[in-house]
>>> print(open('entry-v3.txt').read())   # compact mmCIF, C-alpha atoms
# COMPACT_ATOMS: atom_id res chain seq x y z
CA ARG A 25 -1.33 35.14 -3.41
CA ALA A 26 0.63 33.96 -0.36
CA GLU A 27 3.51 32.95 -2.63
CA GLU A 28 3.50 36.39 -4.26
CA LEU A 29 3.74 38.08 -0.88
CA VAL A 30 6.77 36.00 0.08
CA ALA A 31 8.38 36.82 -3.30
CA GLU A 32 7.77 40.52 -2.69
CA MET A 33 9.54 40.26 0.64
CA VAL A 34 12.59 38.76 -1.07
CA THR A 35 12.72 41.41 -3.81
CA SER A 36 12.26 44.19 -1.21
CA ASP A 37 15.35 43.00 0.67
CA LEU A 38 13.14 41.83 3.49
CA ARG A 39 14.29 38.47 4.78
CA PRO A 40 11.32 36.12 5.07
CA GLU A 41 11.31 33.62 7.89
CA THR A 42 10.75 29.90 7.74
CA SER A 43 7.27 30.39 9.21
CA HIS A 44 6.26 32.40 6.12
CA PHE A 45 7.28 29.51 3.89
CA ALA A 46 5.40 27.09 6.14
CA GLN A 47 2.18 29.08 5.69
CA VAL A 48 2.53 29.06 1.91
CA MET A 49 3.38 25.36 1.99
CA GLY A 50 0.17 24.74 3.91
CA CYS A 51 -1.79 26.28 1.02
CA TYR A 52 0.01 24.02 -1.45
CA GLU A 53 -0.75 20.94 0.61
CA VAL A 54 -4.45 21.77 0.73
CA THR A 55 -4.55 22.37 -3.03
CA SER A 56 -2.22 19.40 -3.84
CA CYS A 57 0.22 21.68 -5.71
CA TRP A 58 3.21 19.37 -5.29
CA ALA A 59 5.37 21.00 -8.00
CA ARG A 60 5.07 24.44 -6.39
CA ALA A 61 5.72 22.90 -2.97
CA VAL A 62 8.99 21.37 -4.17
CA HIS A 63 9.98 24.64 -5.86
CA LEU A 64 9.24 26.59 -2.69
CA LEU A 65 11.26 24.17 -0.58
CA SER A 66 14.16 24.67 -2.98
CA GLY A 67 13.84 28.44 -2.49
CA LEU A 68 13.99 27.94 1.25
CA ARG A 69 17.30 26.17 0.88
CA GLN A 70 18.69 28.82 -1.50
CA LEU A 71 18.01 31.47 1.13
CA SER A 72 19.86 29.30 3.68
CA LEU A 73 16.82 29.31 5.92
CA PRO A 74 16.43 26.39 8.33
CA GLN A 75 13.83 23.79 7.42
CA ASP A 76 11.36 23.16 10.17
CA GLU A 77 9.04 20.26 10.82
CA PHE A 78 5.90 21.91 9.48
CA THR A 79 7.39 23.10 6.20
CA VAL A 80 8.76 19.71 5.21
CA LEU A 81 5.70 17.86 6.49
CA ARG A 82 3.39 20.02 4.40
CA ALA A 83 5.65 19.68 1.35
CA MET A 84 5.51 15.91 1.74
CA GLY A 85 1.73 16.11 2.11
CA ALA A 86 1.45 18.12 -1.12
CA CYS A 87 3.52 15.51 -2.97
CA VAL A 88 1.44 12.68 -1.56
CA LYS A 89 -1.87 14.31 -2.46
CA GLY A 90 -0.92 15.74 -5.83
CA ALA A 91 -0.17 14.07 -9.14
CA ALA A 92 0.53 10.67 -7.53
CA ASN A 93 4.14 11.83 -7.19
CA TRP A 94 5.50 9.08 -4.97
CA GLU A 95 9.14 9.79 -5.92
CA TRP A 96 9.17 13.26 -4.38
CA GLY A 97 7.05 12.06 -1.46
CA LEU A 98 9.60 9.38 -0.61
CA ALA A 99 12.53 11.76 -1.02
CA LEU A 100 10.98 14.27 1.36
CA ALA A 101 10.07 11.50 3.78
CA GLU A 102 13.74 10.49 3.88
CA ASP A 103 14.73 14.11 4.58
CA LEU A 104 12.11 14.33 7.27
CA ALA A 105 13.29 11.07 8.85
CA GLY A 106 16.78 12.51 9.23
CA MET A 107 15.38 15.67 10.79
CA ALA A 108 13.18 13.67 13.11
CA GLN A 109 16.11 11.63 14.38
CA THR A 110 18.29 14.67 15.04
CA SER A 111 15.56 16.99 16.34
CA GLY A 112 13.22 14.53 18.02
CA TRP A 113 10.23 15.41 15.83
CA ASP A 114 7.29 13.09 15.44
CA ILE A 115 6.16 12.47 11.86
CA ASP A 116 2.41 12.73 11.44
CA PRO A 117 1.12 9.11 11.12
CA GLY A 118 -1.66 10.30 8.81
CA ARG A 119 0.77 11.68 6.24
CA PHE A 120 2.96 8.58 6.59
CA ASN A 121 -0.02 6.31 5.90
CA MET A 122 -0.97 8.45 2.92
CA LEU A 123 2.54 7.97 1.56
CA VAL A 124 2.33 4.18 1.99
CA GLY A 125 -1.06 4.22 0.28
CA LEU A 126 0.25 6.38 -2.57
CA CYS A 127 3.07 3.91 -3.26
CA GLU A 128 0.53 1.09 -3.22
CA ARG A 129 -1.78 2.86 -5.68
CA SER A 130 1.22 3.68 -7.88
CA ARG A 131 2.02 -0.05 -8.06
CA GLN A 132 5.21 0.58 -6.10
CA TRP A 133 4.57 -2.34 -3.77
CA GLN A 134 8.25 -2.73 -2.88
CA ARG A 135 8.28 0.87 -1.65
CA SER A 136 5.14 0.35 0.44
CA LEU A 137 6.67 -2.65 2.19
CA MET A 138 9.96 -0.80 2.62
CA LEU A 139 8.15 2.05 4.38
CA LEU A 140 6.39 -0.39 6.70
CA ASN A 141 9.61 -2.20 7.53
CA ASN A 142 11.38 1.12 8.17
CA ALA A 143 8.58 2.64 10.22
CA ARG A 144 10.83 2.86 13.27
CA HIS A 145 13.35 4.78 11.19
CA PHE A 146 10.63 7.39 10.70
CA LEU A 147 9.74 7.27 14.41
CA ILE A 148 6.31 5.98 13.43
CA THR A 149 4.26 3.24 15.07
CA PRO A 150 2.34 1.50 12.24
CA ASN A 151 -1.41 1.42 12.74
CA ILE A 152 -4.12 -0.60 11.05
CA MET A 153 -4.25 1.76 8.05
CA THR A 154 -0.51 1.30 7.50
CA TYR A 155 -0.91 -2.47 7.46
CA ASN A 156 -3.97 -2.39 5.22
CA ASN A 157 -2.09 -0.34 2.63
CA ALA A 158 0.91 -2.68 2.82
CA ILE A 159 -1.32 -5.76 2.42
CA GLN A 160 -2.91 -4.19 -0.64
CA ALA A 161 0.58 -3.61 -1.99
CA CYS A 162 1.26 -7.35 -1.59
CA GLU A 163 -1.60 -8.02 -3.99
CA HIS A 164 0.10 -6.00 -6.74
CA GLY A 165 3.32 -7.96 -6.20
CA LEU A 166 1.53 -11.33 -6.07
CA LEU A 167 2.95 -11.69 -2.56
CA TRP A 168 0.06 -13.60 -1.03
CA GLU A 169 2.32 -15.17 1.59
CA GLY A 170 3.58 -11.71 2.50
CA ALA A 171 -0.01 -10.52 2.91
CA LEU A 172 -0.75 -13.43 5.26
CA ALA A 173 2.45 -12.79 7.20
CA LEU A 174 1.47 -9.14 7.72
CA MET A 175 -1.96 -10.18 8.92
CA ARG A 176 -0.43 -12.61 11.42
CA GLU A 177 1.99 -9.89 12.58
CA MET A 178 -0.74 -7.40 13.43
CA PRO A 179 -1.81 -8.95 16.76
CA ASP A 180 1.82 -8.74 17.92
CA ARG A 181 1.45 -4.96 17.58
CA ALA A 182 -1.89 -5.01 19.42
CA LEU A 183 -3.76 -4.47 16.13
CA ASP A 184 -6.84 -6.46 15.18
CA PRO A 185 -7.40 -7.03 11.44
CA ASP A 186 -10.64 -5.41 10.33
CA GLU A 187 -12.96 -5.99 7.36
CA LYS A 188 -10.68 -4.07 4.99
CA THR A 189 -7.67 -6.10 6.16
CA TYR A 190 -9.40 -9.37 5.33
CA ARG A 191 -10.74 -8.07 2.04
CA SER A 192 -7.21 -7.06 1.00
CA GLY A 193 -5.79 -10.40 2.15
CA ILE A 194 -8.49 -12.39 0.34
CA SER A 195 -7.93 -10.34 -2.81
CA ALA A 196 -4.14 -10.87 -2.59
CA CYS A 197 -4.64 -14.64 -2.38
CA ASP A 198 -7.16 -14.63 -5.20
CA THR A 199 -4.88 -12.58 -7.48
CA ALA A 200 -2.03 -15.03 -6.81
CA ARG A 201 -4.34 -17.97 -7.69
CA GLN A 202 -4.25 -19.22 -4.09
CA TRP A 203 -7.98 -19.80 -3.91
CA THR A 204 -7.90 -22.23 -0.99
CA ALA A 205 -6.08 -19.65 1.13
CA ALA A 206 -8.60 -16.99 0.05
CA LEU A 207 -11.53 -19.15 1.17
CA GLU A 208 -9.82 -19.99 4.45
CA LEU A 209 -9.43 -16.28 5.15
CA MET A 210 -13.11 -15.74 4.37
CA GLU A 211 -14.05 -18.43 6.87
CA GLU A 212 -11.68 -17.00 9.48
CA MET A 213 -13.15 -13.56 8.97
CA GLN A 214 -16.68 -14.79 9.59
CA LEU A 215 -15.61 -16.80 12.66
CA LYS A 216 -14.27 -13.57 14.14
CA GLY A 217 -17.66 -11.95 13.70
CA LEU A 218 -16.57 -9.58 10.94
CA GLN A 219 -19.14 -8.87 8.24
CA PRO A 220 -17.85 -9.18 4.65
CA ASP A 221 -19.01 -6.50 2.26
CA LEU A 222 -20.24 -7.01 -1.29
CA ILE A 223 -16.75 -6.76 -2.77
CA THR A 224 -15.38 -9.38 -0.37
CA TYR A 225 -18.25 -11.75 -1.15
CA SER A 226 -17.67 -11.26 -4.88
CA ILE A 227 -13.98 -12.11 -4.52
CA ALA A 228 -14.79 -15.18 -2.42
CA VAL A 229 -17.45 -16.42 -4.86
CA GLY A 230 -14.98 -15.95 -7.71
CA ALA A 231 -12.38 -17.91 -5.74
CA CYS A 232 -14.88 -20.76 -5.27
CA LYS A 233 -15.61 -20.87 -9.00
CA LYS A 234 -11.91 -20.81 -9.92
CA LYS A 235 -11.12 -23.53 -7.38
CA MET A 236 -13.94 -25.71 -8.75
CA ASN A 237 -12.70 -25.22 -12.31
CA GLN A 238 -9.21 -26.16 -11.17
CA LEU A 239 -10.53 -29.38 -9.61
CA LEU A 240 -12.54 -30.23 -12.71
CA ARG A 241 -9.50 -29.78 -14.92
CA ALA A 242 -7.48 -32.02 -12.61
CA VAL A 243 -10.17 -34.74 -12.81
CA GLU A 244 -10.27 -34.49 -16.61
CA GLU A 245 -6.49 -34.76 -16.86
CA ARG A 246 -6.47 -37.84 -14.63
CA SER A 247 -9.18 -39.53 -16.66
CA LEU A 248 -7.28 -38.89 -19.88
CA ASN A 249 -4.04 -40.23 -18.44
CA ARG A 250 -5.63 -43.23 -16.71
CA PRO A 251 -4.71 -46.62 -18.28
CA PRO A 252 -7.66 -48.58 -19.72
CA SER A 253 -9.42 -51.05 -17.39
CA GLY A 254 -9.41 -54.84 -17.87
CA LYS A 255 -12.84 -54.83 -19.49
CA ALA A 256 -11.82 -52.09 -21.89
CA ARG A 257 -8.70 -54.06 -22.90
CA SER A 258 -10.69 -57.30 -23.51
CA ARG A 259 -13.27 -55.41 -25.53
CA LYS A 260 -10.48 -53.93 -27.63
CA LYS A 261 -9.04 -57.44 -28.26
CA ARG A 262 -12.42 -58.77 -29.43
CA LEU A 263 -12.74 -55.88 -31.83
CA LEU A 264 -9.34 -56.72 -33.27
>>> encode(input="entry-v3.txt", output="structure tokens")
Amino acid sequence: RAEELVAEMVTSDLRPETSHFAQVMGCYEVTSCWARAVHLLSGLRQLSLPQDEFTVLRAMGACVKGAANWEWGLALAEDLAGMAQTSGWDIDPGRFNMLVGLCERSRQWQRSLMLLNNARHFLITPNIMTYNNAIQACEHGLLWEGALALMREMPDRALDPDEKTYRSGISACDTARQWTAALELMEEMQLKGLQPDLITYSIAVGACKKKMNQLLRAVEERSLNRPPSGKARSRKKRLL
């Protein structure tokens, strides 16, 4: 209904203001109507109205929440970054973290890490949620060393890894078949007094089993490749 009212203003030769578009955009963000949000933003530009912080922020939020549309979310984030630098706006960290998480869930792990690395470009200070999403993205890219590096970087930003951080790091190591590193993280987590949840325990138990199977296979291969002992050789000669 809000969109219809704005359309009526245009057809009645009444010039709507940017604030009217911002209110409609807020409705689209709440309802995750990203396609309508993008269309409305295009209409704002066609009317040569200035884009303000709230309109673009809400359009980005609609793209992040709706249809897993990370492409439009990133494009709007880039636009918003330019506006923030020229106008001194602060981008909402919550929406930024949602965008990082959306890229992670969309298997766009490179994009998640790019957003984290360019956080200053967006005038954003990464928080623990930003890092957790980026570490999860490392799992999809089999970047277990990257996940560990991000975890080691967090204290430099006065951030303490939490249970979710360790779970994501352990999972990243397990996915990359780095089971020793996964178990070391589990031990480190417990030494810090953090309580693993059921999922973390399941991943760690699986890592133990996989590591044991790996060791058993190594032992079997060595026994097959081992040269026969002196007794075995003499026994073979007697049989001949």
>>> closest_residue(input="entry-v3.txt", among="A:Ala99, A:Arg246, A:Pro150, A:Glu187", to="A:Leu218", atoms="all atoms listed in the file")
A:Glu187
>>> atom_distance(input="entry-v3.txt", atom1="atom CA of A:Arg191", atom2="atom CA of A:Asp116")
26.3 Å
>>> residues_around(input="entry-v3.txt", residues="A:Trp168", least_positions_apart="6", cutoff="8 Å", atoms="only C-alpha atoms", output="PDB file with C-alpha atoms, in the frame of the given file")
ATOM      1  CA  CYS A 162       1.260  -7.350  -1.590  1.00  0.00           C
ATOM      2  CA  GLY A 193      -5.790 -10.400   2.150  1.00  0.00           C
ATOM      3  CA  ALA A 196      -4.140 -10.870  -2.590  1.00  0.00           C
ATOM      4  CA  CYS A 197      -4.640 -14.640  -2.380  1.00  0.00           C
ATOM      5  CA  ALA A 200      -2.030 -15.030  -6.810  1.00  0.00           C
ATOM      6  CA  GLN A 202      -4.250 -19.220  -4.090  1.00  0.00           C
TER       7      GLN A 202
END
>>> closest_residue(input="entry-v3.txt", among="A:Asn157, A:Thr55, A:Ser195, A:Ser66", to="A:Cys87", atoms="all atoms listed in the file")
A:Thr55
>>> closest_residue(input="entry-v3.txt", among="A:Ser226, A:Thr79, A:Thr154, A:Thr149", to="A:Pro185", atoms="only C-alpha atoms")
A:Thr154
>>> closest_residue(input="entry-v3.txt", among="A:Lys235, A:Val124, A:Cys57, A:Ile159", to="A:Asn142", atoms="all atoms listed in the file")
A:Val124
>>> closest_residue(input="entry-v3.txt", among="A:Met84, A:Asn151, A:Glu211, A:Asn156", to="A:Glu53", atoms="all atoms listed in the file")
A:Met84
>>> atom_distance(input="entry-v3.txt", atom1="atom CA of A:Val229", atom2="atom CA of A:Glu244")
22.7 Å
